[in-house]
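Chemist: One structure coming up, written as structure tokens, with questions to follow.
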Amino acid sequence: MGFLQELINNTMNYSRFEKWMIILQIGILFLLSGLLYYEMTKRLDAGNAKIIGTITFKQRTVQRKYASRVVWEDMEQHFPLRNKDSIRTATAADAEITLNDGTKIQLNENSMILLNLDEDKTNIDFAYGSLSAQNAGSGDSKIQIKTGETSVSVGNGDVKLSKEEGKNLSVAVEKGEAEIVSLGKESQKIGSDEKATLQGSDGKLEIKKQELKQIAPNDLARFYTQENLQTVNFEFQSNPTYKNSKLEISQNSGFTGNIVSEKITGSNFKKSLKEGVYYWRLKSEEEISSVRKFTIYKTKSVDLVSPSNGQKIGAAEETVYLNLLWSKSELSSNYKLEISDTKDFGKLIQSTTTMVNSISLPLGKGKYFWRVVSTDPSGTILTSSVFSFNISEADKPKPPTLFNPQPGSNIDLVLAEKTGIRFNWSSTSSSSEFFLSQSPKFESVILQKTVDGNFLDIKEKLPAGIYHWKVSLKNKDGSIGESSAVRSFEIKTLGTIKLHSPKEDVSFSSKDVYFSGIPFSWEKLSYTGNYQLQISTDSSFSKIVKSYSSAQNKLTIKDLDEGEYVWRVVLLNSDGSVLISSSSQKLTVTSPLISSKNFETGEPGSEEEIPDLKLIFPSEGQTLNMTKSNSIRFRWSPVPGIKEYRFRLFNGKKEIYSVVSKNAQVDFKKLDLLDEGEFRWTVASADSGKPGENTSTFKVELDAILEEVEVLSPDVQYEE
């Protein structure tokens, strides 16, 4: 409560109610800040579920969900996994899971599994996507992978499963042996280099030897390089009797726009590739192999952010807590921060390992050098550049700069009594000393006050006269420090607010008002309060048609109709009462010239087209393809003074459509009135007293009718 009591003591000008409101608001602020911090830093509680493995690698978005929760959370590398966890990957993401017994599970992009382990068996519920499992268990231990009514049992070996919604399940054994059971039928074994496809709803299983065999790189292989290109060695086996056997490399799994399509002439092929995600397969007229994915990462050291190189840090105490920040590396699981007083780091002052990309450390005054060492997944050590910083005695604070009241300004006596006078200045320290005097040398002081902040409202009654004020720094020991310059102002009876623009009896066209607006400005007074610009049709202001509030002494308005007006500015108190008013001035808004053109002949008539109305869409001569559209939105620029527009559409000289619109657009949906060819559209004022018409032409075309294409797509695209 000491802090709150001090706050109350420093706000003596507030009422008892206002003081307690401040305390309540501060309490709410602390409560909400604590809740926000907790929400941002907390992780979902997994309860007592057993830890069964870890995420040993992840790329991009990988999420998990506890069995007792419905919320998915993002995962990082080396996160522990618990029994009954569900894991899913997003587009362009993949993950490697290592279980406690050494079993590795590789999840490709857009895949989802549920881990379900008991004492003697590893069960994986496979929902969709693609996964590879490498059983490292000993003896008769097996991995049981279930998907729907199908179960795949894997002994010592490697197996890959692929399943897309509504499509066949594919099981490929690269090493060892697997057993598959579907719809309660007798189990069948799949040997090394064999691929099984489960077809249709009847569970028909087709097992085929893979003659096109991929050896390296493995599925979901990862390459790390600091160069712009990485050489990848592709190894494979093929049947020499197969025709047109090729190796294909692409950056998408659909193999559109292949980077490589190379005829197979041996058992290996080398290609230098830049950073990115790639897919590769073997293809012949007789067979297409499985698709493997690999990723090339360009690794680099982290970038140091703060303190910046050569930064000078002022410290009032002998020791300061300094926050050091560097860029985050997606490939490094931890960072080693090193701080030395020599550039060669021969002697380390600090050497700290952390999993986050920032840390706060206590440091004394002196010059320091710092760097961050990280390690990529291949074990390569990456060292950042070296930055230096210097912690020294804090600079002496500069004296305050005075802002308001402005030097030589005049303050109305009545306003000063009603609202007080606000003084403000630049804040260079937490506390300042305010002085007010009628003597320029401050031989006698009317008011002296300690202020925590950079403003002060004086509500004491001050008689007319010239006043001088200044603000001094307040040192921590309570002594008065360096002072600002001295400024003066005068309190006297002013009477009115001076109006600056527009001048008396100025005329504006409605066109200028709409596009540019009318700039109003007036004298700025040294008071807290809101100005109100009032526009009326009579000099007594009994019929105010427009009123605008502003904290500044200028305002531009664009919504004034044609007519004769008077305007003034008043200063309002916090309760809405008028403190001071200006005199009034006249202004006029006139109508712009509107004219027409004879569009039936194309020749100018006695009147020209409306000069400010521009047809925007369709533009002159534009061709519109209406094959996939069900409407045309005709648009034009609005014209001040026109409240309704007449829109007409012509096919040759024949009018086929006409409508009146209050907006500067028409949504035309009667496409049965159109055919391929050229059409003309016009817009004019619907007011017969304002003649004039603008015209433009456009063309309509349709795509050729193609043969019907059957789209093969599952009814359900995504389901959890």
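Just remember, in the structure tokens the first chain shown is A, the second B, etc., residues are 1-based per chain, and ligands are 1-based in the order shown.
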Going by DSSP on the backbone, which residues of stretch 448-629 of chain A come out as strand (DSSP E)? List them as a PyMOL selection string.

Modeler: chain A and resi 448-451+455-458+465-474+480-483+487-492+496-497+499-501+506-509+518-522+530-536+544-550+554-557+563-572+578-582+585-590+615-617+622-625

Chemist: Name the residues in contact with A:Ala416 at a cut-off of 8 Å, using only C-alpha atoms, excluding same-chain residues fewer than 6 positions from it; report them as a compact mmCIF listing (two decimals) with N, CA, C and O atoms, in the first residue's frame.

Modeler:
# COMPACT_ATOMS: atom_id res chain seq x y z
N LYS A 459 -5.23 26.25 -10.88
CA LYS A 459 -6.63 26.67 -10.75
C LYS A 459 -6.80 27.79 -9.71
O LYS A 459 -7.92 28.19 -9.42
N LYS A 461 -6.92 31.52 -8.35
CA LYS A 461 -7.36 32.76 -8.98
C LYS A 461 -6.18 33.72 -9.07
O LYS A 461 -5.57 34.08 -8.06
N LEU A 462 -5.86 34.12 -10.32
CA LEU A 462 -4.73 35.02 -10.56
C LEU A 462 -5.27 36.34 -11.12
O LEU A 462 -6.05 36.32 -12.08
N ILE A 491 -2.22 37.79 -18.38
CA ILE A 491 -3.64 37.53 -18.11
C ILE A 491 -4.37 38.86 -18.24
O ILE A 491 -4.04 39.84 -17.56
N TYR A 527 -5.87 27.03 -23.02
CA TYR A 527 -6.79 26.47 -22.04
C TYR A 527 -7.10 25.02 -22.39
O TYR A 527 -7.03 24.62 -23.55

Chemist: Residues within 8 Å of A:Gly53, please, as a list of chain:residue names. Count only C-alpha atoms; anything in the same chain fewer than 6 positions from it doesn't count.

Modeler: A:Pro80, A:Leu81, A:Arg82, A:Ile97, A:Thr98, A:Leu99, A:Asn100

Chemist: Hey, which of A:Arg568, A:Ile249, A:Thr89, A:Arg487 ends up closest to A:His500? Count only C-alpha atoms.

Modeler: A:Arg568

Chemist: If you count only C-alpha atoms, which residues fall within 8 Å of A:Thr697, apart from same-chain ones fewer than 3 positions away, as a list of chain:residue names?

Modeler: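 Contacts, in chain order: A:Pro618, A:Ser619, A:Glu620, A:Gly621, A:Gln622, A:Glu678, A:Phe679, A:Arg680, A:Trp681.
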
Chemist: Go ahead and write the selection's residues with N, CA and C atoms as a PDB file, in the first residue's frame.

Modeler:
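For reference, again34.pdb as written:
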ATOM      1  N   PRO A 618     -17.404   0.139 -66.712  1.00  0.00           N
ATOM      2  CA  PRO A 618     -16.255  -0.236 -67.532  1.00  0.00           C
ATOM      3  C   PRO A 618     -15.646   1.002 -68.195  1.00  0.00           C
ATOM      4  N   SER A 619     -14.327   0.980 -68.397  1.00  0.00           N
ATOM      5  CA  SER A 619     -13.678   2.108 -69.054  1.00  0.00           C
ATOM      6  C   SER A 619     -13.962   2.061 -70.556  1.00  0.00           C
ATOM      7  N   GLU A 620     -13.694   3.154 -71.245  1.00  0.00           N
ATOM      8  CA  GLU A 620     -13.987   3.270 -72.678  1.00  0.00           C
ATOM      9  C   GLU A 620     -13.294   2.153 -73.456  1.00  0.00           C
ATOM     10  N   GLY A 621     -14.112   1.352 -74.197  1.00  0.00           N
ATOM     11  CA  GLY A 621     -13.597   0.294 -75.053  1.00  0.00           C
ATOM     12  C   GLY A 621     -13.203  -0.974 -74.319  1.00  0.00           C
ATOM     13  N   GLN A 622     -13.416  -1.074 -73.016  1.00  0.00           N
ATOM     14  CA  GLN A 622     -12.994  -2.239 -72.240  1.00  0.00           C
ATOM     15  C   GLN A 622     -13.804  -3.467 -72.628  1.00  0.00           C
ATOM     16  N   GLU A 678     -20.813  -5.044 -78.817  1.00  0.00           N
ATOM     17  CA  GLU A 678     -20.514  -3.738 -78.225  1.00  0.00           C
ATOM     18  C   GLU A 678     -21.792  -3.094 -77.688  1.00  0.00           C
ATOM     19  N   PHE A 679     -21.670  -2.447 -76.524  1.00  0.00           N
ATOM     20  CA  PHE A 679     -22.788  -1.778 -75.884  1.00  0.00           C
ATOM     21  C   PHE A 679     -22.352  -0.383 -75.435  1.00  0.00           C
ATOM     22  N   ARG A 680     -23.340   0.482 -75.201  1.00  0.00           N
ATOM     23  CA  ARG A 680     -23.055   1.846 -74.768  1.00  0.00           C
ATOM     24  C   ARG A 680     -23.859   2.143 -73.511  1.00  0.00           C
ATOM     25  N   TRP A 681     -23.222   2.872 -72.538  1.00  0.00           N
ATOM     26  CA  TRP A 681     -23.931   3.254 -71.319  1.00  0.00           C
ATOM     27  C   TRP A 681     -23.733   4.732 -71.046  1.00  0.00           C
TER      28      TRP A 681
END

Chemist: Atom CA of A:Asn239 and atom CA of A:Phe223 are how many Å apart?

Modeler: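 A separation of 28.8 Å between them.
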
Chemist: Using only C-alpha atoms, which of the listed residues (A:Pro400, A:Ser384, A:Glu287, A:Gly310) sits closest to A:Tyr335?

Modeler: A:Ser384

Chemist: Return the single residue from A:Val578, A:Arg633, A:Pro640, A:Phe455 that is closest to A:Asp512, with distances computed using only C-alpha atoms.

Modeler: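 Answer, going by the shortest atom-to-atom distance: A:Pro640.
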
Chemist: Could you tell me how far atom CA of A:Leu220 lies from atom CA of A:Asn108, in Å and to one decimal?

Modeler: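 Distance between the two atoms: 7.4 Å.
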
Chemist: What is the atom CA of A:Gln144 to atom CA of A:Ser170 distance in Å?

Modeler: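 Here the two named atoms are 15.6 Å from each other.
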
Chemist: Given the choices A:Gly155, A:Phe489, A:Trp370, A:Asn218, which gets closest to A:Gly191 if the distance is worked out from only C-alpha atoms?

Modeler: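 For A:Gly191, the nearest of the given residues is A:Gly155.
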
Chemist: Using only C-alpha atoms, which of the listed residues (A:Ile349, A:Val451, A:Leu587, A:Ile480) sits closest to A:Ser509?

Modeler: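 Closest to A:Ser509 of all the choices is A:Leu587.
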
Chemist: Compile the contact shell of A:Ser427 as a PyMOL selection string: residues with an atom at most 12 Å away, counting only C-alpha atoms, same-chain residues fewer than 6 positions apart removed.

Modeler: chain A and resi 397-403+433+451-455+471-474+484

Chemist: Out of A:Glu227, A:Thr623, A:Asn663, A:Thr496, which residue has the shortest atom-to-atom distance to A:Ile580 when counting only C-alpha atoms?

Modeler: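 Of the candidates, the smallest distance to A:Ile580 is held by A:Thr496.
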
Chemist: For stretch 288-299 of chain A, work out the shell of residues within 6 Å, counting only C-alpha atoms and skipping chain neighbours fewer than 6 positions away, then give it as a VMD selection string.

Modeler: chain A and resid 212 219 to 226 275 to 282

Chemist: For A:Gly576, please output as a list in words all residues within 12 Å (counting only C-alpha atoms; exclusion window: fewer than 5 positions along the same chain).

Modeler: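 My reading of the contact set: Gly529, Asn530, Tyr531, Gln532, Ser549, Val570 and Leu571 of chain A.
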
Chemist: Could you write out that same residue set with N, CA and C atoms as a PDB file, in the first residue's frame?

Modeler:
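Output saved as again08.pdb:
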ATOM      1  N   GLY A 529      -9.901  22.378 -22.944  1.00  0.00           N
ATOM      2  CA  GLY A 529     -11.288  22.488 -23.396  1.00  0.00           C
ATOM      3  C   GLY A 529     -11.364  22.185 -24.876  1.00  0.00           C
ATOM      4  N   ASN A 530     -12.565  21.992 -25.395  1.00  0.00           N
ATOM      5  CA  ASN A 530     -12.773  21.679 -26.806  1.00  0.00           C
ATOM      6  C   ASN A 530     -13.352  22.875 -27.545  1.00  0.00           C
ATOM      7  N   TYR A 531     -12.806  23.102 -28.761  1.00  0.00           N
ATOM      8  CA  TYR A 531     -13.384  24.117 -29.631  1.00  0.00           C
ATOM      9  C   TYR A 531     -14.566  23.501 -30.374  1.00  0.00           C
ATOM     10  N   GLN A 532     -15.576  24.318 -30.654  1.00  0.00           N
ATOM     11  CA  GLN A 532     -16.705  23.859 -31.459  1.00  0.00           C
ATOM     12  C   GLN A 532     -16.955  24.869 -32.571  1.00  0.00           C
ATOM     13  N   SER A 549     -16.594  19.436 -33.404  1.00  0.00           N
ATOM     14  CA  SER A 549     -15.710  19.598 -32.253  1.00  0.00           C
ATOM     15  C   SER A 549     -14.277  19.294 -32.653  1.00  0.00           C
ATOM     16  N   VAL A 570     -16.672  28.530 -30.710  1.00  0.00           N
ATOM     17  CA  VAL A 570     -16.824  28.710 -29.270  1.00  0.00           C
ATOM     18  C   VAL A 570     -15.919  27.719 -28.559  1.00  0.00           C
ATOM     19  N   LEU A 571     -15.473  28.069 -27.351  1.00  0.00           N
ATOM     20  CA  LEU A 571     -14.696  27.178 -26.495  1.00  0.00           C
ATOM     21  C   LEU A 571     -15.618  26.652 -25.406  1.00  0.00           C
TER      22      LEU A 571
END

Chemist: Assign secondary structure with DSSP using the backbone only, and return the residues of stretch 23-250 of chain A in helix (DSSP H, G or I) as a PyMOL selection string.

Modeler: chain A and resi 23-41

Chemist: Let me see the file: selected residues, C-alpha atoms, as a PDB file, in the first residue's frame.

Modeler:
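The resulting out_8.pdb:
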ATOM      1  CA  ILE A  23      -6.480   3.115  -6.776  1.00  0.00           C
ATOM      2  CA  LEU A  24      -9.219   0.911  -8.282  1.00  0.00           C
ATOM      3  CA  GLN A  25      -8.003   1.492 -11.837  1.00  0.00           C
ATOM      4  CA  ILE A  26      -4.392   0.669 -10.904  1.00  0.00           C
ATOM      5  CA  GLY A  27      -5.569  -2.528  -9.188  1.00  0.00           C
ATOM      6  CA  ILE A  28      -7.527  -3.571 -12.272  1.00  0.00           C
ATOM      7  CA  LEU A  29      -4.488  -2.794 -14.463  1.00  0.00           C
ATOM      8  CA  PHE A  30      -2.222  -5.043 -12.363  1.00  0.00           C
ATOM      9  CA  LEU A  31      -4.821  -7.832 -12.355  1.00  0.00           C
ATOM     10  CA  LEU A  32      -5.349  -7.747 -16.130  1.00  0.00           C
ATOM     11  CA  SER A  33      -1.588  -7.538 -16.756  1.00  0.00           C
ATOM     12  CA  GLY A  34      -1.051 -10.618 -14.583  1.00  0.00           C
ATOM     13  CA  LEU A  35      -3.782 -12.557 -16.362  1.00  0.00           C
ATOM     14  CA  LEU A  36      -2.370 -11.569 -19.765  1.00  0.00           C
ATOM     15  CA  TYR A  37       1.144 -12.656 -18.769  1.00  0.00           C
ATOM     16  CA  TYR A  38      -0.166 -15.969 -17.436  1.00  0.00           C
ATOM     17  CA  GLU A  39      -2.175 -16.627 -20.609  1.00  0.00           C
ATOM     18  CA  MET A  40       0.807 -15.803 -22.864  1.00  0.00           C
ATOM     19  CA  THR A  41       3.321 -17.951 -20.958  1.00  0.00           C
TER      20      THR A  41
END
